Structure formats: structure tokens, C-alpha cells
Amino acid sequence: MVIIGIDAHKANHTLVAIDNVGRKVGSKIVPATNAGHLQAIRWAHNRFGSELQWAVEDCRGVTRRLEEDLTMAGYSVTRVPAKLMARTRSSARTTGKSDPIDALAVGHAALRDPRLPTATRDEAARELKLLVDRREHLIEQRTATNNRLLWRLHELDPSYHLAAGDLAHRNHRCATGTFLDRHRGLVADLARDELADITRLSEDAQRLERRITAYIRPRAPHLLSIPGCGDLSAAKLVAETAGVRRFASEAAFARFAGVTPEPAWSGASAGRMRYVKGGNRRINAALHRIAITQLRDGAGSQYYQKRVADGDSPLAALRCLKRRIARRVFSSMKADARTVGDSDCGTTLSA
């Protein structure tokens, strides 16, 4: 078996081949196009035969087309997290940073850990991710515009007070528009323009939210049955997971989500665990929202209180709750994939 480690970029991809003991046996640079991908496949097959495994750094913005071409050609593609690649590179005997060094580190990481998730082609999850990301971008734009407008309103009348999130609601926008109608000058004109931007961004975000909700509800019934998991959280989990079947176990999914603690002890501190700030932060945030909602509604408070009574700190107990939720999220998405995914194969959001 030969592993082809790939350092992917927008213009080109650097390939480094290693054997089953990690020795470099070849390298090549190909264009980041379909023709370049075909060139890479022919090079690898002609030189190393058909027993090939491909490994790419997990940055799907530049590897999506490459992963699709390799998968359609019948090859298995392993996704190596960027932090794992960086740690592998820093532990190598060869110092420095270059595309071949990075590609070699990707190959070594895939060789050392055969449990890494493989790439799967899930167009529905990808399109759902595009919609979720677009909505979040609109919310970020609205927040920035909202902050500027609050300062305009303060300059016009320091006694006029709005909470940070009030302008997300239509009635507050109407009241603010009435207030601005009583003022003249450049500051008031800019404030009216920014209020119009907030209205447009809010309406666009609401349309996207309705579209996401209409898609996720019939396709993730088990996931939505988890207490505290709303439509947007479920959509984020499905979009970022990009195919739950690519994970070998719920522990692998939890590690991908960044909710698996790691040991950090020596001598008298035996048994101490440390929170890992790695993993997919968007999935981690969705799990955090579910955990906070369960604490508020009571669904997870009993487990949380038990952990605190057993000696865990409140933060450690919350992390344990998130790990427990990750286990149920994984099983729920597996159930949805069995009951809905097979019958929904090939259906996308644009259909």
C-alpha cells in the first residue's frame, strides 16, 4: 500500500508518496483542475499500481473537487485535520515549511492513524452547509451594521436607548424609523441607510432560515427529537458532519467535534483530564447550545447535578454533558441516514 499525501492549494496540488513504513518514494505537482487530477491519478497508478490510499488536509474549500474526482475514480480519500498535520510536521526530523513538507506530513498523519474519517460525497449536506454559512454571514453583517447604527442613534439623542439585539425585530425597526424621521442631517441620513440595510439583511436571513427549516425537518427527525436541538442546530450538525457514515464510531465523531477530553496528569495528579480546544468548532458550538438549553429546560440538569455532586467542577460537568449529547447526536444521525438518507439519495436542496 502506498499513501499519497496531498497539500492542496487553489492553483496547484503537491503530491508526496510514501510506502507503508513512511519512506518518501515519489512526488509531483499538478494543476488544481480536473485535468490535473486525472494527471495525478495516472501518475500514481502507473508508478505505484492500484493499491493506493489518498490523504488530503481537511480544507474542503480547495479539496472538494479533488475529493470528488478521486472518489469517482474508486479511491479512498482520508481527511487529515490541519492541526494534526501541523503537529506531525513539527515532530519530523526535517525542519522548515514547504508544500512538499506539508504533503509529507499529511501522508505520515494518515499512516499513523488509520481511524481518520474518509471523504464522502454528500451533495445535500454540502448545499445545506452553503445555506447555513450564507445565513451566518448575513447575521454577521447585520450585527456589524447594528453596532454602527447604535452609535449614530446615541449621537442623535443619548436618551434614546435600544438593546443590542432589538433591531433584529420588526417593531423596534419601525419605532427607530419613526424616531429618525424627526431628525435631519448627515448622521440621520446615514442612520436611515443603515436601518434599511438591517431590514434587508434580516429579511434575507429569515428567508434562508425558512428554507433551511423546510429542508431539515423531514430529513432529520431523530436528530430533532433530541431535547434542545432546534432546526438551525440540526442543520449545522448535518452540514458540518458531511456524512455521518464516514466516522467509524461515536468516539471518532466526538473527537472530530472537539468534545473528547485528553489525559493531562503525572504522578500525584493521576486521572486528571484536560479540555481539548481542537475539533470542529461549529459542531462544538451547536452541542454547547443544546447542552445549555437542556440545563435550562431540565432535560440534562439531573446528569449535570450528579457530575457536580461527584466532584466535577461546573465547567467539567458541562463538558461531560456535551460528550453525552455528542453520543446521542451521532446515533440519531445514523438513524436518520438509515431511514431517510437511503430513500433521499441524490436529492439536493436545489431540487
# chains A, B, ... in the order shown; residues from 1 in each chain; ligands from 1
call {"tool": "closest_atom_pairs", "arguments": {"of": "stretch 222-317 of chain A", "to": "stretch 113-135 of chain A", "cutoff": "7 Å", "atoms": "only C-alpha atoms", "output": "tab-separated table"}}
result
residue	atom	partner	partner_atom	distance
A:Lys236	CA	A:Val132	CA	6.8
A:Val238	CA	A:Ala125	CA	6.4
A:Ala239	CA	A:Lys129	CA	4.6
A:Glu240	CA	A:Lys129	CA	6.8
A:Ala242	CA	A:Ala125	CA	5.6
A:Gly243	CA	A:Asp122	CA	6.3
A:Arg246	CA	A:Pro117	CA	5.5
A:Phe247	CA	A:Pro117	CA	5.3
call {"tool": "residues_around", "arguments": {"residues": "stretch 143-154 of chain A", "least_positions_apart": "2", "cutoff": "8 Å", "atoms": "only C-alpha atoms", "output": "PyMOL selection string"}}
result
chain A and resi 139-141+156-162+164+167+187-188+191+194-195+197-198
call {"tool": "residues_around", "arguments": {"residues": "stretch 278-289 of chain A", "least_positions_apart": "6", "cutoff": "7 Å", "atoms": "only C-alpha atoms", "output": "PyMOL selection string"}}
result
chain A and resi 233+236-237+240+255-259+322+325-326
call {"tool": "residues_around", "arguments": {"residues": "A:Gly22", "least_positions_apart": "4", "cutoff": "9 Å", "atoms": "only C-alpha atoms", "output": "MDAnalysis selection string"}}
result
chainID A and resid 3 17:18 104 107:108 111
call {"tool": "atom_distance", "arguments": {"atom1": "atom CA of A:Ala73", "atom2": "atom CA of A:Asp7"}}
result
19.5 Å
call {"tool": "select_by_dssp", "arguments": {"residues": "stretch 126-286 of chain A", "states": "strand (DSSP E or B)", "output": "PyMOL selection string"}}
result
chain A and resi 262-263+273-274
call {"tool": "residues_around", "arguments": {"residues": "A:Ala220", "least_positions_apart": "3", "cutoff": "12 Å", "atoms": "only C-alpha atoms", "output": "NGL selection string"}}
result
:A and (125 or 212-217 or 223-226 or 229-239 or 329-341 or 344)
call {"tool": "atom_distance", "arguments": {"atom1": "atom CA of A:Ala163", "atom2": "atom CA of A:Arg182"}}
result
20.8 Å
call {"tool": "atom_distance", "arguments": {"atom1": "atom CA of A:Val80", "atom2": "atom CA of A:Gly5"}}
result
9.5 Å
call {"tool": "select_by_dssp", "arguments": {"residues": "stretch 82-309 of chain A", "states": "helix (DSSP H, G or I)", "output": "PyMOL selection string"}}
result
chain A and resi 82-90+99-112+123-156+166-168+170-180+186-219+221-224+231-241+244-246+250-257+267-269+281-297+301-309
call {"tool": "write_last_selection", "arguments": {"atoms": "C-alpha atoms", "output": "short mmCIF file (atom, residue, chain, number, x, y, z; two decimals), in the first residue's frame"}}
result
data_model
loop_
_atom_site.label_atom_id
_atom_site.label_comp_id
_atom_site.auth_asym_id
_atom_site.auth_seq_id
_atom_site.Cartn_x
_atom_site.Cartn_y
_atom_site.Cartn_z
CA ALA A 82 -4.98 20.74 9.81
CA LYS A 83 -3.79 20.68 13.43
CA LEU A 84 -2.83 17.02 13.19
CA MET A 85 -0.85 17.74 10.03
CA ALA A 86 0.91 20.66 11.77
CA ARG A 87 1.84 18.51 14.78
CA THR A 88 3.14 15.77 12.50
CA ARG A 89 5.24 18.30 10.58
CA SER A 90 6.70 19.83 13.76
CA ASP A 99 4.40 22.32 0.12
CA PRO A 100 6.32 19.01 -0.15
CA ILE A 101 6.97 19.03 3.62
CA ASP A 102 3.28 19.65 4.29
CA ALA A 103 2.22 16.91 1.86
CA LEU A 104 4.67 14.50 3.50
CA ALA A 105 3.20 15.39 6.92
CA VAL A 106 -0.31 14.70 5.61
CA GLY A 107 0.78 11.26 4.40
CA HIS A 108 2.55 10.45 7.68
CA ALA A 109 -0.51 11.50 9.70
CA ALA A 110 -2.75 9.22 7.63
CA LEU A 111 -0.26 6.36 8.02
CA ARG A 112 -0.05 6.75 11.81
CA GLU A 123 -24.19 16.98 -2.10
CA ALA A 124 -27.23 17.56 0.10
CA ALA A 125 -25.04 18.20 3.16
CA ARG A 126 -22.80 20.48 1.12
CA GLU A 127 -25.70 22.57 -0.17
CA LEU A 128 -27.14 22.74 3.34
CA LYS A 129 -23.76 23.99 4.55
CA LEU A 130 -23.76 26.68 1.87
CA LEU A 131 -27.16 27.89 3.07
CA VAL A 132 -26.19 27.79 6.76
CA ASP A 133 -22.93 29.63 6.06
CA ARG A 134 -24.77 32.23 3.98
CA ARG A 135 -27.25 32.87 6.77
CA GLU A 136 -24.45 33.23 9.33
CA HIS A 137 -22.67 35.68 7.04
CA LEU A 138 -25.83 37.77 6.81
CA ILE A 139 -26.18 37.72 10.61
CA GLU A 140 -22.57 38.86 10.97
CA GLN A 141 -23.18 41.71 8.53
CA ARG A 142 -26.35 42.69 10.40
CA THR A 143 -24.53 42.69 13.74
CA ALA A 144 -21.79 44.96 12.41
CA THR A 145 -24.33 47.35 10.86
CA ASN A 146 -26.41 47.24 14.03
CA ASN A 147 -23.41 48.31 16.14
CA ARG A 148 -22.70 51.28 13.85
CA LEU A 149 -26.34 52.33 13.91
CA LEU A 150 -26.49 52.25 17.71
CA TRP A 151 -23.68 54.79 17.82
CA ARG A 152 -25.50 57.00 15.30
CA LEU A 153 -28.61 56.90 17.47
CA HIS A 154 -26.57 57.75 20.55
CA GLU A 155 -25.08 60.74 18.73
CA LEU A 156 -28.53 61.95 17.67
CA ASP A 166 -33.62 44.89 19.43
CA LEU A 167 -33.21 45.88 15.79
CA ALA A 168 -33.50 42.24 14.75
CA ARG A 170 -39.56 44.43 13.09
CA ASN A 171 -41.42 46.52 15.69
CA HIS A 172 -38.18 48.02 17.01
CA ARG A 173 -37.06 48.83 13.46
CA CYS A 174 -40.35 50.61 12.79
CA ALA A 175 -40.06 52.60 16.01
CA THR A 176 -36.46 53.53 15.16
CA GLY A 177 -37.52 54.63 11.69
CA THR A 178 -40.16 56.91 13.23
CA PHE A 179 -37.53 58.34 15.56
CA LEU A 180 -35.15 59.03 12.65
CA LEU A 186 -25.84 63.63 7.58
CA VAL A 187 -25.80 61.45 10.68
CA ALA A 188 -29.57 60.87 10.43
CA ASP A 189 -29.26 60.09 6.70
CA LEU A 190 -26.53 57.51 7.35
CA ALA A 191 -28.60 56.03 10.17
CA ARG A 192 -31.60 55.63 7.85
CA ASP A 193 -29.41 53.88 5.26
CA GLU A 194 -28.05 51.52 7.89
CA LEU A 195 -31.55 50.82 9.21
CA ALA A 196 -32.59 49.89 5.66
CA ASP A 197 -29.57 47.57 5.44
CA ILE A 198 -30.56 45.88 8.70
CA THR A 199 -34.11 45.39 7.40
CA ARG A 200 -32.84 43.83 4.16
CA LEU A 201 -30.34 41.57 5.95
CA SER A 202 -32.97 40.45 8.46
CA GLU A 203 -35.47 39.57 5.73
CA ASP A 204 -32.84 37.68 3.73
CA ALA A 205 -31.76 35.75 6.84
CA GLN A 206 -35.38 34.86 7.64
CA ARG A 207 -35.94 33.56 4.11
CA LEU A 208 -32.86 31.38 4.41
CA GLU A 209 -33.98 30.16 7.82
CA ARG A 210 -37.36 29.12 6.41
CA ARG A 211 -35.64 27.29 3.56
CA ILE A 212 -33.27 25.51 5.94
CA THR A 213 -36.16 24.56 8.24
CA ALA A 214 -38.23 23.17 5.37
CA TYR A 215 -35.30 21.00 4.33
CA ILE A 216 -34.06 19.70 7.67
CA ARG A 217 -37.34 18.72 9.34
CA PRO A 218 -38.33 15.78 7.11
CA ARG A 219 -34.73 14.60 6.81
CA PRO A 221 -36.48 13.53 12.61
CA HIS A 222 -34.32 11.58 15.06
CA LEU A 223 -31.86 14.45 15.44
CA LEU A 224 -34.64 16.96 16.03
CA ASP A 231 -33.82 23.39 13.31
CA LEU A 232 -30.73 25.57 12.91
CA SER A 233 -28.62 23.49 15.31
CA ALA A 234 -29.64 20.31 13.49
CA ALA A 235 -28.80 21.88 10.14
CA LYS A 236 -25.40 22.96 11.44
CA LEU A 237 -24.67 19.47 12.74
CA VAL A 238 -25.67 17.77 9.48
CA ALA A 239 -23.83 20.31 7.31
CA GLU A 240 -20.56 20.21 9.25
CA THR A 241 -20.58 16.43 9.73
CA VAL A 244 -22.04 10.61 9.48
CA ARG A 245 -21.20 7.23 7.93
CA ARG A 246 -17.61 8.31 7.36
CA GLU A 250 -19.26 7.70 18.07
CA ALA A 251 -15.89 8.27 19.77
CA ALA A 252 -14.39 9.29 16.42
CA PHE A 253 -17.27 11.71 15.89
CA ALA A 254 -16.84 13.15 19.39
CA ARG A 255 -13.15 13.69 18.73
CA PHE A 256 -13.99 15.40 15.44
CA ALA A 257 -16.42 17.65 17.36
CA GLY A 267 2.42 11.43 39.48
CA ALA A 268 0.01 12.66 42.16
CA SER A 269 -2.36 14.18 39.59
CA ARG A 281 -15.73 24.46 16.49
CA ARG A 282 -19.08 24.84 14.73
CA ILE A 283 -20.24 21.39 15.77
CA ASN A 284 -18.86 22.10 19.23
CA ALA A 285 -20.90 25.32 19.40
CA ALA A 286 -24.07 23.50 18.33
CA LEU A 287 -23.53 20.89 21.05
CA HIS A 288 -22.95 23.68 23.55
CA ARG A 289 -26.25 25.33 22.63
CA ILE A 290 -28.08 22.03 23.06
CA ALA A 291 -26.41 21.48 26.45
CA ILE A 292 -27.31 24.96 27.73
CA THR A 293 -30.91 24.50 26.56
CA GLN A 294 -31.12 21.13 28.30
CA LEU A 295 -29.84 22.67 31.52
CA ARG A 296 -32.43 25.41 31.27
CA ASP A 297 -35.32 23.08 30.39
CA SER A 301 -29.89 19.03 34.64
CA GLN A 302 -30.10 15.71 36.53
CA TYR A 303 -26.96 14.35 34.86
CA TYR A 304 -25.22 17.70 35.30
CA GLN A 305 -26.05 17.87 39.01
CA LYS A 306 -24.87 14.30 39.51
CA ARG A 307 -21.49 15.13 37.96
CA VAL A 308 -21.15 18.18 40.20
CA ALA A 309 -22.10 16.11 43.27
#
call {"tool": "closest_residue", "arguments": {"among": "A:Lys277, A:Gly74, A:Gly185, A:Pro261", "to": "A:Cys320", "atoms": "only C-alpha atoms"}}
result
A:Pro261
call {"tool": "residues_around", "arguments": {"residues": "A:Asn34", "least_positions_apart": "5", "cutoff": "10 Å", "atoms": "only C-alpha atoms", "output": "list in words"}}
result
Gln39, Ala40, Arg65, Leu66, Glu68 and Asp69 of chain A
call {"tool": "closest_residue", "arguments": {"among": "A:Ala92, A:Ala316, A:Val62, A:Ala55", "to": "A:Thr33", "atoms": "only C-alpha atoms"}}
result
A:Val62
